[in-house]
file model_25.csv (CSV, N, CA, C and O atoms)
chain,number,residue,atom,x,y,z
Y,68,PHE,N,38.1,21.4,-19.6
Y,68,PHE,CA,37.8,22.3,-18.5
Y,68,PHE,C,38.0,21.6,-17.2
Y,68,PHE,O,37.6,20.4,-17.0
Y,69,LYS,N,38.5,22.3,-16.2
Y,69,LYS,CA,38.6,21.7,-14.9
Y,69,LYS,C,37.5,22.2,-14.0
Y,69,LYS,O,37.1,23.3,-14.0
Y,70,GLN,N,36.9,21.2,-13.3
Y,70,GLN,CA,35.7,21.5,-12.5
Y,70,GLN,C,36.2,22.3,-11.2
Y,70,GLN,O,37.2,21.9,-10.6
Y,71,ALA,N,35.5,23.3,-10.8
Y,71,ALA,CA,35.8,24.0,-9.6
Y,71,ALA,C,35.7,23.1,-8.4
Y,71,ALA,O,34.8,22.3,-8.3
Y,72,GLY,N,36.5,23.4,-7.4
Y,72,GLY,CA,36.5,22.6,-6.2
Y,72,GLY,C,35.3,23.1,-5.3
Y,72,GLY,O,34.7,24.1,-5.5
Y,73,LEU,N,35.1,22.3,-4.3
Y,73,LEU,CA,34.0,22.6,-3.3
Y,73,LEU,C,34.6,23.6,-2.3
Y,73,LEU,O,35.7,23.5,-1.9
Y,74,ILE,N,33.7,24.4,-1.7
Y,74,ILE,CA,34.1,25.3,-0.6
Y,74,ILE,C,33.7,24.6,0.7
Y,74,ILE,O,32.5,24.2,0.9
Y,75,GLU,N,34.6,24.4,1.5
Y,75,GLU,CA,34.4,23.8,2.8
Y,75,GLU,C,33.7,24.8,3.7
Y,75,GLU,O,33.8,26.0,3.5
Y,76,ASP,N,33.1,24.3,4.8
Y,76,ASP,CA,32.4,25.2,5.7
Y,76,ASP,C,33.3,26.2,6.3
Y,76,ASP,O,33.0,27.4,6.4
Y,77,GLU,N,34.5,25.8,6.7
Y,77,GLU,CA,35.5,26.8,7.3
Y,77,GLU,C,35.9,27.9,6.3
Y,77,GLU,O,36.0,29.1,6.7
Y,78,ASP,N,36.1,27.5,5.1
Y,78,ASP,CA,36.4,28.5,4.0
Y,78,ASP,C,35.3,29.5,3.8
Y,78,ASP,O,35.5,30.7,3.7
Y,79,PHE,N,34.1,28.9,3.7
Y,79,PHE,CA,32.9,29.8,3.5
Y,79,PHE,C,32.8,30.8,4.7
Y,79,PHE,O,32.6,32.0,4.4
Y,80,GLU,N,32.9,30.3,5.9
Y,80,GLU,CA,32.8,31.2,7.1
Y,80,GLU,C,33.9,32.3,7.0
Y,80,GLU,O,33.6,33.5,7.3
Y,81,ALA,N,35.1,32.0,6.6
Y,81,ALA,CA,36.2,33.0,6.6
Y,81,ALA,C,35.9,34.0,5.5
Y,81,ALA,O,36.0,35.3,5.7
Y,82,ILE,N,35.4,33.6,4.3
Y,82,ILE,CA,35.1,34.5,3.3
Y,82,ILE,C,33.9,35.4,3.7
Y,82,ILE,O,33.9,36.6,3.5
Y,83,TRP,N,32.9,34.8,4.3
Y,83,TRP,CA,31.6,35.5,4.7
Y,83,TRP,C,32.0,36.6,5.7
Y,83,TRP,O,31.6,37.7,5.6
Y,84,GLU,N,32.8,36.2,6.7
Y,84,GLU,CA,33.2,37.2,7.8
Y,84,GLU,C,34.0,38.4,7.2
Y,84,GLU,O,33.8,39.5,7.5
Y,85,LYS,N,34.9,38.1,6.3
Y,85,LYS,CA,35.7,39.1,5.7
Y,85,LYS,C,34.8,40.1,4.9
Y,85,LYS,O,35.0,41.3,4.9
Y,86,LEU,N,33.9,39.6,4.1
Y,86,LEU,CA,33.0,40.4,3.3
Y,86,LEU,C,32.1,41.3,4.2
Y,86,LEU,O,31.9,42.4,4.0
Y,87,LEU,N,31.6,40.7,5.3
Y,87,LEU,CA,30.7,41.5,6.2
Y,87,LEU,C,31.4,42.5,7.0
Y,87,LEU,O,30.8,43.6,7.3
Y,88,LYS,N,32.7,42.3,7.4
Y,88,LYS,CA,33.4,43.2,8.2
Y,88,LYS,C,33.8,44.5,7.5
Y,88,LYS,O,34.2,45.5,8.2
Y,89,THR,N,33.7,44.6,6.2
Y,89,THR,CA,34.1,45.8,5.5
Y,89,THR,C,33.2,46.9,5.8
Y,89,THR,O,33.6,48.1,5.8
Y,90,GLY,N,31.9,46.6,6.1
Y,90,GLY,CA,31.0,47.7,6.4
Y,90,GLY,C,30.5,48.4,5.1
Y,90,GLY,O,29.7,49.4,5.2
Y,91,LYS,N,30.9,48.0,3.9
Y,91,LYS,CA,30.5,48.7,2.7
Y,91,LYS,C,29.4,47.8,2.1
Y,91,LYS,O,29.3,46.6,2.2
Y,92,PRO,N,28.5,48.5,1.3
Y,92,PRO,CA,27.3,47.8,0.7
Y,92,PRO,C,27.7,46.7,-0.3
Y,92,PRO,O,27.1,45.6,-0.2
Y,93,LYS,N,28.6,46.9,-1.2
Y,93,LYS,CA,28.9,45.9,-2.2
Y,93,LYS,C,29.4,44.6,-1.6
Y,93,LYS,O,28.9,43.5,-2.0
Y,94,PRO,N,30.4,44.6,-0.7
Y,94,PRO,CA,30.8,43.3,-0.1
Y,94,PRO,C,29.7,42.6,0.6
Y,94,PRO,O,29.6,41.4,0.7
Y,95,LYS,N,28.8,43.4,1.3
Y,95,LYS,CA,27.6,42.8,2.0
Y,95,LYS,C,26.7,42.1,1.0
Y,95,LYS,O,26.2,41.0,1.2
Y,96,GLU,N,26.5,42.7,-0.2
Y,96,GLU,CA,25.7,42.1,-1.2
Y,96,GLU,C,26.3,40.8,-1.7
Y,96,GLU,O,25.7,39.8,-2.0
Y,97,ALA,N,27.7,40.9,-1.9
Y,97,ALA,CA,28.4,39.7,-2.3
Y,97,ALA,C,28.3,38.6,-1.3
Y,97,ALA,O,28.1,37.4,-1.6
Y,98,ALA,N,28.3,38.9,0.0
Y,98,ALA,CA,28.2,37.9,1.1
Y,98,ALA,C,26.8,37.3,1.0
Y,98,ALA,O,26.7,36.1,1.2
Y,99,LEU,N,25.8,38.1,0.8
Y,99,LEU,CA,24.4,37.5,0.7
Y,99,LEU,C,24.3,36.6,-0.5
Y,99,LEU,O,23.8,35.5,-0.4
Y,100,ALA,N,24.8,37.0,-1.7
Y,100,ALA,CA,24.8,36.2,-2.9
Y,100,ALA,C,25.6,34.9,-2.7
Y,100,ALA,O,25.1,33.8,-3.0
Y,101,LEU,N,26.7,35.0,-2.0
Y,101,LEU,CA,27.5,33.8,-1.7
Y,101,LEU,C,26.8,32.8,-0.8
Y,101,LEU,O,26.8,31.6,-1.0
Y,102,ALA,N,26.1,33.4,0.2
Y,102,ALA,CA,25.3,32.5,1.1
Y,102,ALA,C,24.1,31.8,0.4
Y,102,ALA,O,23.9,30.7,0.6
Y,103,ILE,N,23.5,32.5,-0.5
Y,103,ILE,CA,22.4,31.9,-1.3
Y,103,ILE,C,23.0,30.8,-2.1
Y,103,ILE,O,22.4,29.7,-2.2
Y,104,CYS,N,24.1,31.0,-2.8
Y,104,CYS,CA,24.7,29.9,-3.6
Y,104,CYS,C,25.1,28.8,-2.7
Y,104,CYS,O,24.9,27.6,-3.1
Y,105,PHE,N,25.7,29.0,-1.5
Y,105,PHE,CA,26.2,28.0,-0.6
Y,105,PHE,C,25.0,27.1,-0.1
Y,105,PHE,O,25.1,25.9,-0.1
Y,106,VAL,N,23.9,27.8,0.3
Y,106,VAL,CA,22.8,27.1,0.9
Y,106,VAL,C,22.0,26.3,-0.2
Y,106,VAL,O,21.5,25.2,0.1
Y,107,THR,N,21.8,26.9,-1.4
Y,107,THR,CA,20.9,26.3,-2.4
Y,107,THR,C,21.5,25.6,-3.5
Y,107,THR,O,20.9,24.9,-4.2
Y,108,GLY,N,22.8,25.9,-3.7
Y,108,GLY,CA,23.5,25.3,-4.9
Y,108,GLY,C,23.3,26.1,-6.1
Y,108,GLY,O,23.7,25.6,-7.2
Y,109,ALA,N,22.7,27.3,-6.0
Y,109,ALA,CA,22.6,28.1,-7.2
Y,109,ALA,C,23.9,28.6,-7.7
Y,109,ALA,O,24.9,28.7,-7.0
Y,110,ARG,N,23.9,29.0,-9.0
Y,110,ARG,CA,25.1,29.7,-9.5
Y,110,ARG,C,25.1,31.1,-9.1
Y,110,ARG,O,24.0,31.7,-8.9
Y,111,MET,N,26.2,31.8,-9.2
Y,111,MET,CA,26.3,33.2,-8.7
Y,111,MET,C,25.4,34.1,-9.6
Y,111,MET,O,24.7,34.9,-9.1
Y,112,LYS,N,25.4,33.9,-10.9
Y,112,LYS,CA,24.5,34.7,-11.8
Y,112,LYS,C,23.0,34.5,-11.4
Y,112,LYS,O,22.3,35.5,-11.4
Y,113,GLU,N,22.6,33.3,-11.0
Y,113,GLU,CA,21.3,33.1,-10.6
Y,113,GLU,C,21.0,33.8,-9.3
Y,113,GLU,O,19.9,34.5,-9.2
Y,114,ALA,N,21.9,33.8,-8.4
Y,114,ALA,CA,21.7,34.5,-7.1
Y,114,ALA,C,21.7,36.0,-7.3
Y,114,ALA,O,20.8,36.7,-6.7
Y,115,LEU,N,22.5,36.5,-8.2
Y,115,LEU,CA,22.6,38.0,-8.4
Y,115,LEU,C,21.4,38.5,-9.2
Y,115,LEU,O,21.0,39.7,-9.1
Y,116,ASP,N,20.7,37.6,-10.0
Y,116,ASP,CA,19.5,38.0,-10.7
Y,116,ASP,C,18.2,38.0,-9.9
Y,116,ASP,O,17.2,38.4,-10.4
Y,117,LEU,N,18.3,37.5,-8.7
Y,117,LEU,CA,17.1,37.4,-7.9
Y,117,LEU,C,16.6,38.8,-7.6
Y,117,LEU,O,17.4,39.8,-7.3
Y,118,ARG,N,15.3,39.0,-7.5
Y,118,ARG,CA,14.7,40.3,-7.1
Y,118,ARG,C,13.7,40.0,-6.0
Y,118,ARG,O,12.9,39.1,-6.1
Y,119,PHE,N,13.8,40.8,-4.9
Y,119,PHE,CA,13.0,40.6,-3.8
Y,119,PHE,C,11.5,40.6,-4.1
Y,119,PHE,O,10.7,39.9,-3.5
Y,120,GLU,N,11.1,41.5,-5.0
Y,120,GLU,CA,9.7,41.7,-5.3
Y,120,GLU,C,9.1,40.4,-6.0
Y,120,GLU,O,7.9,40.2,-6.0
Y,121,ASP,N,10.0,39.5,-6.5
Y,121,ASP,CA,9.5,38.3,-7.1
Y,121,ASP,C,9.4,37.2,-6.1
Y,121,ASP,O,8.8,36.1,-6.3
Y,122,CYS,N,10.0,37.3,-4.9
Y,122,CYS,CA,10.0,36.3,-3.9
Y,122,CYS,C,8.8,36.2,-3.0
Y,122,CYS,O,8.1,37.2,-2.9
Y,123,SER,N,8.6,35.1,-2.3
Y,123,SER,CA,7.5,34.9,-1.4
Y,123,SER,C,7.8,34.0,-0.3
Y,123,SER,O,8.9,33.3,-0.3
Y,124,PHE,N,7.0,33.9,0.7
Y,124,PHE,CA,7.1,33.0,1.8
Y,124,PHE,C,5.9,32.0,1.7
Y,124,PHE,O,4.8,32.5,1.5
Y,125,LYS,N,6.2,30.8,1.9
Y,125,LYS,CA,5.1,29.8,1.9
Y,125,LYS,C,5.2,28.9,3.1
Y,125,LYS,O,6.3,28.6,3.6
Y,126,LYS,N,4.1,28.4,3.6
Y,126,LYS,CA,4.0,27.5,4.7
Y,126,LYS,C,3.5,26.2,4.1
Y,126,LYS,O,2.6,26.1,3.3
Y,127,ASP,N,4.1,25.1,4.6
Y,127,ASP,CA,3.7,23.7,4.2
Y,127,ASP,C,4.0,22.8,5.3
Y,127,ASP,O,5.1,22.6,5.8
Y,128,SER,N,2.9,22.1,5.8
Y,128,SER,CA,3.0,21.2,6.9
Y,128,SER,C,3.7,21.7,8.1
Y,128,SER,O,4.6,21.1,8.7
Y,129,GLY,N,3.4,23.0,8.4
Y,129,GLY,CA,4.0,23.6,9.6
Y,129,GLY,C,5.4,24.2,9.4
Y,129,GLY,O,5.9,24.8,10.3
Y,130,SER,N,6.0,24.0,8.3
Y,130,SER,CA,7.3,24.5,8.0
Y,130,SER,C,7.2,25.8,7.1
Y,130,SER,O,6.2,25.8,6.3
Y,131,GLN,N,8.1,26.7,7.2
Y,131,GLN,CA,8.0,27.9,6.4
Y,131,GLN,C,9.2,27.9,5.4
Y,131,GLN,O,10.3,27.5,5.8
Y,132,PHE,N,9.0,28.4,4.2
Y,132,PHE,CA,10.0,28.4,3.1
Y,132,PHE,C,10.0,29.7,2.5
Y,132,PHE,O,9.0,30.4,2.3
Y,133,PHE,N,11.2,30.1,2.0
Y,133,PHE,CA,11.4,31.3,1.2
Y,133,PHE,C,11.5,30.8,-0.2
Y,133,PHE,O,12.4,30.0,-0.5
Y,134,ILE,N,10.7,31.3,-1.1
Y,134,ILE,CA,10.6,30.9,-2.5
Y,134,ILE,C,11.1,32.0,-3.4
Y,134,ILE,O,10.6,33.1,-3.3
Y,135,ALA,N,12.1,31.8,-4.2
Y,135,ALA,CA,12.7,32.8,-5.1
Y,135,ALA,C,12.7,32.2,-6.5
Y,135,ALA,O,13.5,31.3,-6.8
Y,136,PRO,N,11.9,32.8,-7.4
Y,136,PRO,CA,11.9,32.3,-8.8
Y,136,PRO,C,13.3,32.7,-9.5
Y,136,PRO,O,13.7,33.8,-9.3
Y,137,ILE,N,13.8,31.8,-10.3
Y,137,ILE,CA,15.0,32.1,-11.0
Y,137,ILE,C,14.6,32.7,-12.4
Y,137,ILE,O,13.8,32.1,-13.1
Y,138,ARG,N,15.1,33.8,-12.7
Y,138,ARG,CA,14.8,34.5,-14.0
Y,138,ARG,C,15.3,33.7,-15.2
Y,138,ARG,O,14.7,33.5,-16.2
Y,139,CYS,N,16.6,33.3,-15.1
Y,139,CYS,CA,17.2,32.5,-16.2
Y,139,CYS,C,18.4,31.8,-15.6
Y,139,CYS,O,18.9,32.2,-14.5
Y,140,SER,N,18.8,30.7,-16.2
Y,140,SER,CA,19.9,29.9,-15.6
Y,140,SER,C,20.7,29.3,-16.8
Y,140,SER,O,20.3,29.5,-17.9
Y,141,LYS,N,21.8,28.7,-16.4
Y,141,LYS,CA,22.7,28.1,-17.5
Y,141,LYS,C,22.0,27.1,-18.3
Y,141,LYS,O,22.1,27.0,-19.5
Y,142,THR,N,21.1,26.3,-17.7
Y,142,THR,CA,20.4,25.3,-18.4
Y,142,THR,C,19.0,25.7,-18.9
Y,142,THR,O,18.3,25.0,-19.6
Y,143,ASN,N,18.6,26.9,-18.6
Y,143,ASN,CA,17.3,27.5,-19.0
Y,143,ASN,C,17.5,29.0,-19.3
Y,143,ASN,O,16.9,29.8,-18.6
Y,144,PRO,N,18.4,29.3,-20.3
Y,144,PRO,CA,18.7,30.7,-20.5
Y,144,PRO,C,17.6,31.6,-20.9
Y,144,PRO,O,17.7,32.8,-20.7
Y,145,PHE,N,16.5,31.1,-21.5
Y,145,PHE,CA,15.4,32.0,-21.9
Y,145,PHE,C,14.2,31.8,-21.1
Y,145,PHE,O,13.1,32.2,-21.4
Y,146,ALA,N,14.4,31.2,-19.9
Y,146,ALA,CA,13.3,31.0,-18.9
Y,146,ALA,C,12.1,30.3,-19.6
Y,146,ALA,O,10.9,30.6,-19.4
Y,147,ALA,N,12.4,29.3,-20.4
Y,147,ALA,CA,11.4,28.5,-21.0
Y,147,ALA,C,10.5,27.7,-20.0
Y,147,ALA,O,9.4,27.4,-20.3
Y,148,ARG,N,11.1,27.3,-18.9
Y,148,ARG,CA,10.4,26.6,-17.9
Y,148,ARG,C,10.6,27.3,-16.6
Y,148,ARG,O,11.7,27.9,-16.4
Y,149,ARG,N,9.7,27.1,-15.7
Y,149,ARG,CA,9.8,27.8,-14.4
Y,149,ARG,C,10.7,27.1,-13.4
Y,149,ARG,O,10.6,25.9,-13.3
Y,150,GLU,N,11.7,27.8,-12.8
Y,150,GLU,CA,12.6,27.2,-11.9
Y,150,GLU,C,12.6,28.1,-10.6
Y,150,GLU,O,12.4,29.3,-10.7
Y,151,THR,N,12.7,27.5,-9.5
Y,151,THR,CA,12.7,28.3,-8.2
Y,151,THR,C,13.8,27.8,-7.3
Y,151,THR,O,14.2,26.7,-7.3
Y,152,LEU,N,14.3,28.7,-6.4
Y,152,LEU,CA,15.1,28.4,-5.3
Y,152,LEU,C,14.2,28.3,-4.1
Y,152,LEU,O,13.4,29.2,-3.9
Y,153,THR,N,14.3,27.3,-3.3
Y,153,THR,CA,13.5,27.1,-2.1
Y,153,THR,C,14.4,27.0,-0.9
Y,153,THR,O,15.3,26.1,-0.9
Y,154,ILE,N,14.3,27.9,0.0
Y,154,ILE,CA,15.2,27.9,1.2
Y,154,ILE,C,14.3,27.7,2.4
Y,154,ILE,O,13.4,28.5,2.7
Y,155,PRO,N,14.5,26.6,3.2
Y,155,PRO,CA,13.7,26.3,4.4
Y,155,PRO,C,14.2,27.3,5.5
Y,155,PRO,O,15.4,27.6,5.6
Y,156,LEU,N,13.2,27.8,6.2
Y,156,LEU,CA,13.5,28.8,7.3
Y,156,LEU,C,13.4,28.2,8.7
Y,156,LEU,O,12.8,27.2,8.9

call {"tool": "encode", "arguments": {"input": "model_25.csv", "output": "C-alpha coordinates"}}
result
Amino acid sequence: FKQAGLIEDEDFEAIWEKLLKTGKPKPKEAALALAICFVTGARMKEALDLRFEDCSFKKDSGSQFFIAPIRCSKTNPFAARRETLTIPL
(Lines of atoms letter the chains of each structure in order from A and count residues from 1; the text may use other names and numbers.)
(Lines give C-alpha, C1' and ligand atoms only; values in the text may rest on other atoms or scores of the structure.)
Protein backbone atom coordinates (compact mmCIF):
# COMPACT_ATOMS: atom_id res chain seq x y z
CA PHE A 1 0.00 0.00 0.00
CA LYS A 2 1.15 3.49 -0.77
CA GLN A 3 0.79 6.06 2.01
CA ALA A 4 -1.30 9.10 1.14
CA GLY A 5 0.57 12.35 0.75
CA LEU A 6 0.18 15.35 3.00
CA ILE A 7 -2.11 18.24 2.14
CA GLU A 8 -0.21 21.52 2.10
CA ASP A 9 -1.81 24.68 3.53
CA GLU A 10 -2.36 26.17 0.07
CA ASP A 11 -4.05 23.00 -1.21
CA PHE A 12 -6.28 22.84 1.86
CA GLU A 13 -7.35 26.46 1.41
CA ALA A 14 -8.19 25.91 -2.27
CA ILE A 15 -10.30 22.83 -1.51
CA TRP A 16 -11.97 24.58 1.47
CA GLU A 17 -12.91 27.66 -0.59
CA LYS A 18 -14.28 25.59 -3.48
CA LEU A 19 -16.47 23.53 -1.14
CA LEU A 20 -17.81 26.60 0.66
CA LYS A 21 -18.55 28.58 -2.50
CA THR A 22 -21.09 26.04 -3.79
CA GLY A 23 -23.72 27.28 -1.33
CA LYS A 24 -25.11 23.75 -0.97
CA PRO A 25 -25.32 21.92 2.38
CA LYS A 26 -23.38 18.72 1.53
CA PRO A 27 -20.21 20.46 0.30
CA LYS A 28 -20.32 22.70 3.39
CA GLU A 29 -20.53 19.59 5.59
CA ALA A 30 -17.59 18.14 3.68
CA ALA A 31 -15.64 21.37 4.24
CA LEU A 32 -16.29 21.16 7.99
CA ALA A 33 -15.22 17.49 8.13
CA LEU A 34 -12.11 18.33 6.11
CA ALA A 35 -11.24 21.16 8.51
CA ILE A 36 -11.66 18.86 11.54
CA CYS A 37 -9.36 16.31 9.92
CA PHE A 38 -6.80 18.96 8.97
CA VAL A 39 -6.70 20.57 12.41
CA THR A 40 -6.84 17.44 14.59
CA GLY A 41 -5.35 14.67 12.45
CA ALA A 42 -8.58 12.68 12.65
CA ARG A 43 -9.57 10.32 9.87
CA MET A 44 -12.54 11.32 7.70
CA LYS A 45 -14.77 8.55 9.14
CA GLU A 46 -14.01 9.76 12.66
CA ALA A 47 -14.92 13.34 11.71
CA LEU A 48 -18.13 12.28 9.97
CA ASP A 49 -19.23 10.18 12.96
CA LEU A 50 -19.04 13.12 15.39
CA ARG A 51 -22.35 14.24 16.89
CA PHE A 52 -22.74 17.74 18.29
CA GLU A 53 -24.83 16.49 21.22
CA ASP A 54 -21.79 14.44 22.38
CA CYS A 55 -19.44 17.44 22.29
CA SER A 56 -18.61 19.91 25.04
CA PHE A 57 -16.53 22.98 25.81
CA LYS A 58 -13.94 22.91 28.59
CA LYS A 59 -11.81 25.58 30.23
CA ASP A 60 -8.35 24.76 31.55
CA SER A 61 -5.79 27.27 32.81
CA GLY A 62 -7.59 30.15 31.10
CA SER A 63 -7.76 28.40 27.71
CA GLN A 64 -10.93 27.03 26.16
CA PHE A 65 -11.19 23.74 24.27
CA PHE A 66 -13.80 21.99 22.14
CA ILE A 67 -13.98 18.32 23.18
CA ALA A 68 -15.49 15.76 20.80
CA PRO A 69 -15.61 12.07 21.74
CA ILE A 70 -14.81 9.66 18.91
CA ARG A 71 -17.43 6.93 18.62
CA CYS A 72 -15.10 4.45 16.91
CA SER A 73 -11.80 4.60 15.05
CA LYS A 74 -9.56 2.44 12.89
CA THR A 75 -7.50 1.44 15.93
CA ASN A 76 -10.51 1.25 18.27
CA PRO A 77 -13.38 -0.13 16.11
CA PHE A 78 -15.62 -1.22 19.00
CA ALA A 79 -14.99 1.82 21.20
CA ALA A 80 -13.30 -0.36 23.81
CA ARG A 81 -11.40 2.65 25.14
CA ARG A 82 -12.42 6.28 25.28
CA GLU A 83 -10.88 8.59 22.65
CA THR A 84 -11.51 12.28 22.06
CA LEU A 85 -10.60 15.03 19.65
CA THR A 86 -9.54 18.20 21.42
CA ILE A 87 -9.52 21.47 19.51
CA PRO A 88 -8.09 24.61 21.18
CA LEU A 89 -10.26 27.69 20.60

call {"tool": "closest_residue", "arguments": {"input": "model_25.csv", "among": "Y:Asp116, Y:Trp83, Y:Asp78, Y:Ala71", "to": "Ala97 of chain Y", "atoms": "all atoms listed in the file"}}
result
Y:Trp83

call {"tool": "residues_near_point", "arguments": {"input": "model_25.csv", "point": "(11.2, 24.7, -8.1)", "cutoff": "8 Å", "atoms": "only N, CA, C and O atoms", "output": "PyMOL selection string"}}
result
chain Y and resi 135-137+149-153

call {"tool": "closest_residue", "arguments": {"input": "model_25.csv", "among": "Y:Ala109, Y:Leu156, Y:Ile103, Y:Ile82", "to": "Phe132 of chain Y", "atoms": "all atoms listed in the file"}}
result
Y:Leu156

call {"tool": "select_by_dssp", "arguments": {"input": "model_25.csv", "residues": "chain Y", "states": "strand (DSSP E or B)", "output": "JSON list (two decimals) with N, CA, C and O atoms, in the coordinates of the input"}}
result
[["chain", "number", "residue", "atom", "x", "y", "z"],
["Y", 123, "SER", "N", 8.60, 35.10, -2.30],
["Y", 123, "SER", "CA", 7.50, 34.90, -1.40],
["Y", 123, "SER", "C", 7.80, 34.00, -0.30],
["Y", 123, "SER", "O", 8.90, 33.30, -0.30],
["Y", 124, "PHE", "N", 7.00, 33.90, 0.70],
["Y", 124, "PHE", "CA", 7.10, 33.00, 1.80],
["Y", 124, "PHE", "C", 5.90, 32.00, 1.70],
["Y", 124, "PHE", "O", 4.80, 32.50, 1.50],
["Y", 125, "LYS", "N", 6.20, 30.80, 1.90],
["Y", 125, "LYS", "CA", 5.10, 29.80, 1.90],
["Y", 125, "LYS", "C", 5.20, 28.90, 3.10],
["Y", 125, "LYS", "O", 6.30, 28.60, 3.60],
["Y", 126, "LYS", "N", 4.10, 28.40, 3.60],
["Y", 126, "LYS", "CA", 4.00, 27.50, 4.70],
["Y", 126, "LYS", "C", 3.50, 26.20, 4.10],
["Y", 126, "LYS", "O", 2.60, 26.10, 3.30],
["Y", 127, "ASP", "N", 4.10, 25.10, 4.60],
["Y", 127, "ASP", "CA", 3.70, 23.70, 4.20],
["Y", 127, "ASP", "C", 4.00, 22.80, 5.30],
["Y", 127, "ASP", "O", 5.10, 22.60, 5.80],
["Y", 130, "SER", "N", 6.00, 24.00, 8.30],
["Y", 130, "SER", "CA", 7.30, 24.50, 8.00],
["Y", 130, "SER", "C", 7.20, 25.80, 7.10],
["Y", 130, "SER", "O", 6.20, 25.80, 6.30],
["Y", 131, "GLN", "N", 8.10, 26.70, 7.20],
["Y", 131, "GLN", "CA", 8.00, 27.90, 6.40],
["Y", 131, "GLN", "C", 9.20, 27.90, 5.40],
["Y", 131, "GLN", "O", 10.30, 27.50, 5.80],
["Y", 132, "PHE", "N", 9.00, 28.40, 4.20],
["Y", 132, "PHE", "CA", 10.00, 28.40, 3.10],
["Y", 132, "PHE", "C", 10.00, 29.70, 2.50],
["Y", 132, "PHE", "O", 9.00, 30.40, 2.30],
["Y", 133, "PHE", "N", 11.20, 30.10, 2.00],
["Y", 133, "PHE", "CA", 11.40, 31.30, 1.20],
["Y", 133, "PHE", "C", 11.50, 30.80, -0.20],
["Y", 133, "PHE", "O", 12.40, 30.00, -0.50],
["Y", 134, "ILE", "N", 10.70, 31.30, -1.10],
["Y", 134, "ILE", "CA", 10.60, 30.90, -2.50],
["Y", 134, "ILE", "C", 11.10, 32.00, -3.40],
["Y", 134, "ILE", "O", 10.60, 33.10, -3.30],
["Y", 135, "ALA", "N", 12.10, 31.80, -4.20],
["Y", 135, "ALA", "CA", 12.70, 32.80, -5.10],
["Y", 135, "ALA", "C", 12.70, 32.20, -6.50],
["Y", 135, "ALA", "O", 13.50, 31.30, -6.80],
["Y", 136, "PRO", "N", 11.90, 32.80, -7.40],
["Y", 136, "PRO", "CA", 11.90, 32.30, -8.80],
["Y", 136, "PRO", "C", 13.30, 32.70, -9.50],
["Y", 136, "PRO", "O", 13.70, 33.80, -9.30],
["Y", 137, "ILE", "N", 13.80, 31.80, -10.30],
["Y", 137, "ILE", "CA", 15.00, 32.10, -11.00],
["Y", 137, "ILE", "C", 14.60, 32.70, -12.40],
["Y", 137, "ILE", "O", 13.80, 32.10, -13.10],
["Y", 140, "SER", "N", 18.80, 30.70, -16.20],
["Y", 140, "SER", "CA", 19.90, 29.90, -15.60],
["Y", 140, "SER", "C", 20.70, 29.30, -16.80],
["Y", 140, "SER", "O", 20.30, 29.50, -17.90],
["Y", 143, "ASN", "N", 18.60, 26.90, -18.60],
["Y", 143, "ASN", "CA", 17.30, 27.50, -19.00],
["Y", 143, "ASN", "C", 17.50, 29.00, -19.30],
["Y", 143, "ASN", "O", 16.90, 29.80, -18.60],
["Y", 150, "GLU", "N", 11.70, 27.80, -12.80],
["Y", 150, "GLU", "CA", 12.60, 27.20, -11.90],
["Y", 150, "GLU", "C", 12.60, 28.10, -10.60],
["Y", 150, "GLU", "O", 12.40, 29.30, -10.70],
["Y", 151, "THR", "N", 12.70, 27.50, -9.50],
["Y", 151, "THR", "CA", 12.70, 28.30, -8.20],
["Y", 151, "THR", "C", 13.80, 27.80, -7.30],
["Y", 151, "THR", "O", 14.20, 26.70, -7.30],
["Y", 152, "LEU", "N", 14.30, 28.70, -6.40],
["Y", 152, "LEU", "CA", 15.10, 28.40, -5.30],
["Y", 152, "LEU", "C", 14.20, 28.30, -4.10],
["Y", 152, "LEU", "O", 13.40, 29.20, -3.90],
["Y", 153, "THR", "N", 14.30, 27.30, -3.30],
["Y", 153, "THR", "CA", 13.50, 27.10, -2.10],
["Y", 153, "THR", "C", 14.40, 27.00, -0.90],
["Y", 153, "THR", "O", 15.30, 26.10, -0.90],
["Y", 154, "ILE", "N", 14.30, 27.90, 0.00],
["Y", 154, "ILE", "CA", 15.20, 27.90, 1.20],
["Y", 154, "ILE", "C", 14.30, 27.70, 2.40],
["Y", 154, "ILE", "O", 13.40, 28.50, 2.70],
["Y", 155, "PRO", "N", 14.50, 26.60, 3.20],
["Y", 155, "PRO", "CA", 13.70, 26.30, 4.40],
["Y", 155, "PRO", "C", 14.20, 27.30, 5.50],
["Y", 155, "PRO", "O", 15.40, 27.60, 5.60]]

call {"tool": "select_by_dssp", "arguments": {"input": "model_25.csv", "residues": "segment 70-143 of chain Y", "states": "helix (DSSP H, G or I)", "output": "JSON, numbers by chain"}}
result
{"Y": [76, 77, 78, 79, 80, 81, 82, 83, 84, 85, 86, 87, 88, 92, 93, 94, 95, 96, 97, 98, 99, 100, 101, 102, 103, 104, 105, 106, 107, 111, 112, 113, 114, 115, 119, 120, 121]}

call {"tool": "closest_residue", "arguments": {"input": "model_25.csv", "among": "Y:Thr89, Y:Glu84, Y:Phe68, Y:Pro155", "to": "Phe124 of chain Y", "atoms": "only C-alpha atoms"}}
result
Y:Pro155

call {"tool": "atom_distance", "arguments": {"input": "model_25.csv", "atom1": "atom N of Phe79 of chain Y", "atom2": "atom C of Pro94 of chain Y"}}
result
14.7 Å

call {"tool": "atom_distance", "arguments": {"input": "model_25.csv", "atom1": "atom CA of Gln131 of chain Y", "atom2": "atom CA of Arg118 of chain Y"}}
result
19.5 Å

call {"tool": "atom_distance", "arguments": {"input": "model_25.csv", "atom1": "atom CA of Val106 of chain Y", "atom2": "atom C of Ile154 of chain Y"}}
result
8.7 Å

call {"tool": "closest_residue", "arguments": {"input": "model_25.csv", "among": "Y:Leu117, Y:Ala100, Y:Leu86, Y:Ile74", "to": "Arg138 of chain Y", "atoms": "only N, CA, C and O atoms"}}
result
Y:Leu117
